[in-house]
>>> print(open('protein-v1.txt').read())   # compact mmCIF, C-alpha atoms
# COMPACT_ATOMS: atom_id res chain seq x y z
CA MET T 1 176.74 -34.39 -70.69
CA PRO T 2 175.33 -30.88 -70.00
CA GLN T 3 175.72 -29.41 -66.55
CA SER T 4 172.60 -29.03 -64.48
CA ASN T 5 171.43 -25.63 -63.29
CA PRO T 6 172.92 -24.65 -59.95
CA SER T 7 170.71 -25.12 -56.92
CA PRO T 8 168.87 -22.01 -55.77
CA LEU T 9 170.16 -22.74 -52.27
CA LEU T 10 173.73 -22.05 -51.34
CA THR T 11 175.90 -25.03 -50.58
CA GLN T 12 176.67 -26.04 -47.02
CA LYS T 13 180.19 -24.64 -47.47
CA GLN T 14 178.64 -21.25 -48.24
CA GLY T 15 176.45 -21.35 -45.16
CA LEU T 16 173.20 -23.03 -46.16
CA VAL T 17 172.56 -26.71 -46.61
CA GLU T 18 171.46 -28.16 -49.93
CA SER T 19 167.94 -29.06 -48.85
CA TYR T 20 165.64 -29.16 -45.89
CA HIS T 21 166.16 -32.93 -45.66
CA GLN T 22 169.55 -32.29 -44.08
CA TYR T 23 167.87 -30.29 -41.35
CA LEU T 24 165.41 -33.07 -40.68
CA ALA T 25 168.18 -35.63 -40.38
CA ASP T 26 169.75 -33.70 -37.49
CA MET T 27 166.57 -32.86 -35.60
CA GLU T 28 166.08 -33.89 -32.01
CA CYS T 29 162.85 -34.04 -30.13
CA LEU T 30 163.27 -32.03 -26.93
CA SER T 31 160.89 -31.29 -24.13
CA SER T 32 160.06 -27.63 -23.69
CA GLY T 33 162.15 -27.54 -20.51
CA GLU T 34 165.21 -29.11 -22.17
CA ALA T 35 164.97 -26.74 -25.15
CA LYS T 36 164.83 -23.77 -22.76
CA ARG T 37 167.77 -25.10 -20.74
CA ARG T 38 169.89 -25.46 -23.89
CA TRP T 39 168.90 -22.00 -25.11
CA ARG T 40 169.83 -20.40 -21.78
CA LYS T 41 173.11 -22.34 -21.70
CA ALA T 42 173.99 -21.15 -25.23
CA ILE T 43 173.44 -17.51 -24.23
CA LYS T 44 175.67 -17.93 -21.17
CA GLU T 45 178.38 -19.69 -23.19
CA ALA T 46 178.34 -16.92 -25.82
CA TRP T 47 179.38 -14.57 -22.99
CA ASN T 48 182.00 -17.03 -21.65
CA ASN T 49 179.74 -17.74 -18.67
CA CYS T 50 180.31 -14.24 -17.29
CA CYS T 51 177.97 -11.46 -16.25
CA CYS T 52 177.36 -9.02 -19.12
CA PHE T 53 177.50 -6.11 -16.67
CA CYS T 54 180.54 -6.74 -14.47
CA GLY T 55 182.33 -9.26 -16.70
CA GLN T 56 182.98 -11.61 -13.77
CA PRO T 57 182.32 -15.35 -13.71
CA PRO T 58 179.60 -16.42 -11.28
CA ILE T 59 180.18 -17.99 -7.90
CA SER T 60 178.18 -21.01 -9.10
CA ASP T 61 176.14 -22.08 -12.12
CA LYS T 62 172.94 -21.08 -10.34
CA SER T 63 174.22 -17.57 -9.63
CA LEU T 64 174.53 -16.75 -13.36
CA THR T 65 171.01 -15.85 -14.43
CA ILE T 66 169.38 -14.76 -17.66
CA ASP T 67 168.36 -11.12 -17.47
CA HIS T 68 165.76 -9.56 -19.76
CA MET T 69 167.18 -6.21 -20.86
CA ARG T 70 163.66 -4.98 -21.52
CA PRO T 71 161.82 -6.59 -18.62
CA ARG T 72 158.95 -8.91 -19.42
CA SER T 73 156.80 -6.77 -17.11
CA LYS T 74 157.35 -3.92 -19.60
CA GLY T 75 156.66 -5.96 -22.72
CA GLY T 76 160.12 -7.48 -23.18
CA GLU T 77 160.22 -10.70 -25.12
CA ASN T 78 161.78 -13.99 -24.10
CA VAL T 79 164.08 -13.97 -27.16
CA SER T 80 167.87 -14.07 -27.53
CA ARG T 81 168.22 -10.43 -28.54
CA ASN T 82 166.58 -9.41 -25.24
CA CYS T 83 168.27 -11.90 -22.90
CA LEU T 84 171.80 -11.73 -21.53
CA PRO T 85 173.64 -13.45 -18.70
CA ALA T 86 173.88 -11.51 -15.46
CA CYS T 87 175.09 -12.52 -12.04
CA LEU T 88 172.25 -12.90 -9.58
CA GLU T 89 173.35 -9.82 -7.62
CA HIS T 90 173.21 -7.51 -10.65
CA ASN T 91 170.04 -9.04 -12.08
CA GLN T 92 168.27 -8.45 -8.76
CA SER T 93 169.77 -4.98 -8.35
CA LYS T 94 168.61 -3.92 -11.81
CA GLY T 95 165.17 -5.43 -11.26
CA SER T 96 162.72 -3.99 -13.79
CA ASP T 97 164.68 -0.75 -14.24
CA ASP T 98 165.86 0.27 -17.69
CA TRP T 99 169.25 -1.36 -18.02
CA GLN T 100 171.27 1.53 -19.50
CA PRO T 101 170.68 4.20 -16.83
CA TRP T 102 171.06 1.53 -14.14
CA PHE T 103 174.32 0.23 -15.66
CA ARG T 104 175.82 3.69 -16.15
CA ALA T 105 175.24 4.49 -12.46
CA GLN T 106 177.20 1.44 -11.26
CA SER T 107 180.81 1.61 -10.03
CA PHE T 108 181.71 -1.26 -12.42
CA TYR T 109 180.31 0.52 -15.51
CA ASP T 110 182.43 -0.04 -18.60
CA PRO T 111 181.63 1.55 -22.00
CA THR T 112 183.10 -1.46 -23.81
CA ARG T 113 180.68 -3.79 -22.04
CA GLU T 114 177.85 -1.36 -22.80
CA ALA T 115 178.79 -1.44 -26.50
CA ARG T 116 178.87 -5.25 -26.44
CA ILE T 117 175.41 -5.34 -24.83
CA LEU T 118 174.01 -2.88 -27.38
CA PHE T 119 175.45 -4.95 -30.23
CA TRP T 120 173.92 -8.14 -28.78
CA LEU T 121 170.52 -6.46 -28.47
CA GLU T 122 170.64 -5.59 -32.17
CA HIS T 123 172.26 -8.74 -33.59
CA SER T 124 171.81 -11.56 -31.01
CA ARG T 125 175.55 -12.18 -31.07
CA LEU T 126 178.74 -10.62 -29.77
CA PRO T 127 180.67 -8.26 -32.04
CA SER T 128 184.00 -8.89 -33.71
CA GLN T 129 186.81 -6.51 -32.71
CA ASP T 130 186.07 -4.26 -35.71
CA GLU T 131 182.34 -4.27 -34.96
CA LEU T 132 183.05 -3.49 -31.31
CA GLN T 133 185.16 -0.48 -32.28
CA ILE T 134 182.35 0.81 -34.51
CA ALA T 135 179.84 0.28 -31.68
CA LEU T 136 182.12 2.13 -29.24
CA ASN T 137 182.52 5.03 -31.67
CA ARG T 138 178.73 5.19 -32.06
CA LEU T 139 178.29 5.11 -28.29
CA ASN T 140 180.84 7.89 -27.76
CA GLY T 141 179.76 9.79 -30.88
>>> encode(input="protein-v1.txt", output="structure tokens")
Amino acid sequence: MPQSNPSPLLTQKQGLVESYHQYLADMECLSSGEAKRRWRKAIKEAWNNCCCFCGQPPISDKSLTIDHMRPRSKGGENVSRNCLPACLEHNQSKGSDDWQPWFRAQSFYDPTREARILFWLEHSRLPSQDELQIALNRLNG
């Protein structure tokens, strides 16, 4: 029996599922509020539920906020690559200021955290150790 042509989609093992039917099978119907809550929770969990600026865990769940690096008042989007977790104190202190000058003026400034933030803003994920080193070299370059 002749072999069939390989699927144009990669297999699930390679990163993509065989067909869109597999996506449909796992879909959930969420309210807008629940979808937003899960999205915000995923961003916080990606940062180990710590402030992206000071690196500290919050006093409570409600004191870890989502900060827009480019403020919405200045055209910033409500998308993952623009949103990071920040403790309430630092989110309020930064306000609608540009995050980089504000962050660099703080006593808790850390170039490694700045490199991690910059990587997130470009890729919507945290860097691996190698990627972090490259980002730090670029920052210090």
>>> closest_residue(input="protein-v1.txt", among="T:Asp61, T:Asp97, T:Ser31, T:Ala46", to="Lys74 in chain T", atoms="all atoms listed in the file")
T:Asp97
>>> closest_residue(input="protein-v1.txt", among="T:Thr112, T:Ser63, T:Asn78, T:Ser32", to="Gln133 in chain T", atoms="all atoms listed in the file")
T:Thr112
>>> residues_around(input="protein-v1.txt", residues="range 102-111 of chain T", least_positions_apart="6", cutoff="12 Å", atoms="all atoms listed in the file", output="PyMOL selection string")
chain T and resi 51-56+69+86+90-96+117-118+132-133+135-140
>>> residues_around(input="protein-v1.txt", residues="Phe119 in chain T", least_positions_apart="6", cutoff="10 Å", atoms="only C-alpha atoms", output="list in words")
Arg81, Arg113, Arg125, Leu126, Pro127, Glu131, Leu132, Ile134, Ala135 and Leu136 of chain T
>>> atom_distance(input="protein-v1.txt", atom1="CA of Trp120 in chain T", atom2="CA of Trp39 in chain T")
15.2 Å
>>> atom_distance(input="protein-v1.txt", atom1="CA of Arg70 in chain T", atom2="CA of Asn49 in chain T")
20.7 Å
>>> atom_distance(input="protein-v1.txt", atom1="CA of Gly76 in chain T", atom2="CA of Asp130 in chain T")
29.0 Å
>>> closest_residue(input="protein-v1.txt", among="T:Ser124, T:Arg37, T:Cys50, T:Lys62", to="Val79 in chain T", atoms="only C-alpha atoms")
T:Ser124
>>> residues_near_point(input="protein-v1.txt", point="(166.4, -7.6, -19.2)", cutoff="7 Å", atoms="all atoms listed in the file", output="VMD selection string")
chain T and resid 67 to 71 82 to 83 99
>>> write_last_selection(input="protein-v1.txt", atoms="C-alpha atoms", output="compact mmCIF listing (two decimals), keeping the file's coordinate frame")
# COMPACT_ATOMS: atom_id res chain seq x y z
CA ASP T 67 168.36 -11.12 -17.47
CA HIS T 68 165.76 -9.56 -19.76
CA MET T 69 167.18 -6.21 -20.86
CA ARG T 70 163.66 -4.98 -21.52
CA PRO T 71 161.82 -6.59 -18.62
CA ASN T 82 166.58 -9.41 -25.24
CA CYS T 83 168.27 -11.90 -22.90
CA TRP T 99 169.25 -1.36 -18.02
>>> closest_residue(input="protein-v1.txt", among="T:Leu88, T:Glu122, T:Arg40, T:Pro101", to="Pro57 in chain T", atoms="all atoms listed in the file")
T:Leu88
>>> axis_aligned_box(input="protein-v1.txt", around="range 118-128 of chain T", padding_each_side="6 Å", output="lines of an AutoDock Vina configuration file")
center_x = 177.3
center_y = -7.5
center_z = -30.5
size_x = 25.5
size_y = 21.3
size_z = 18.3
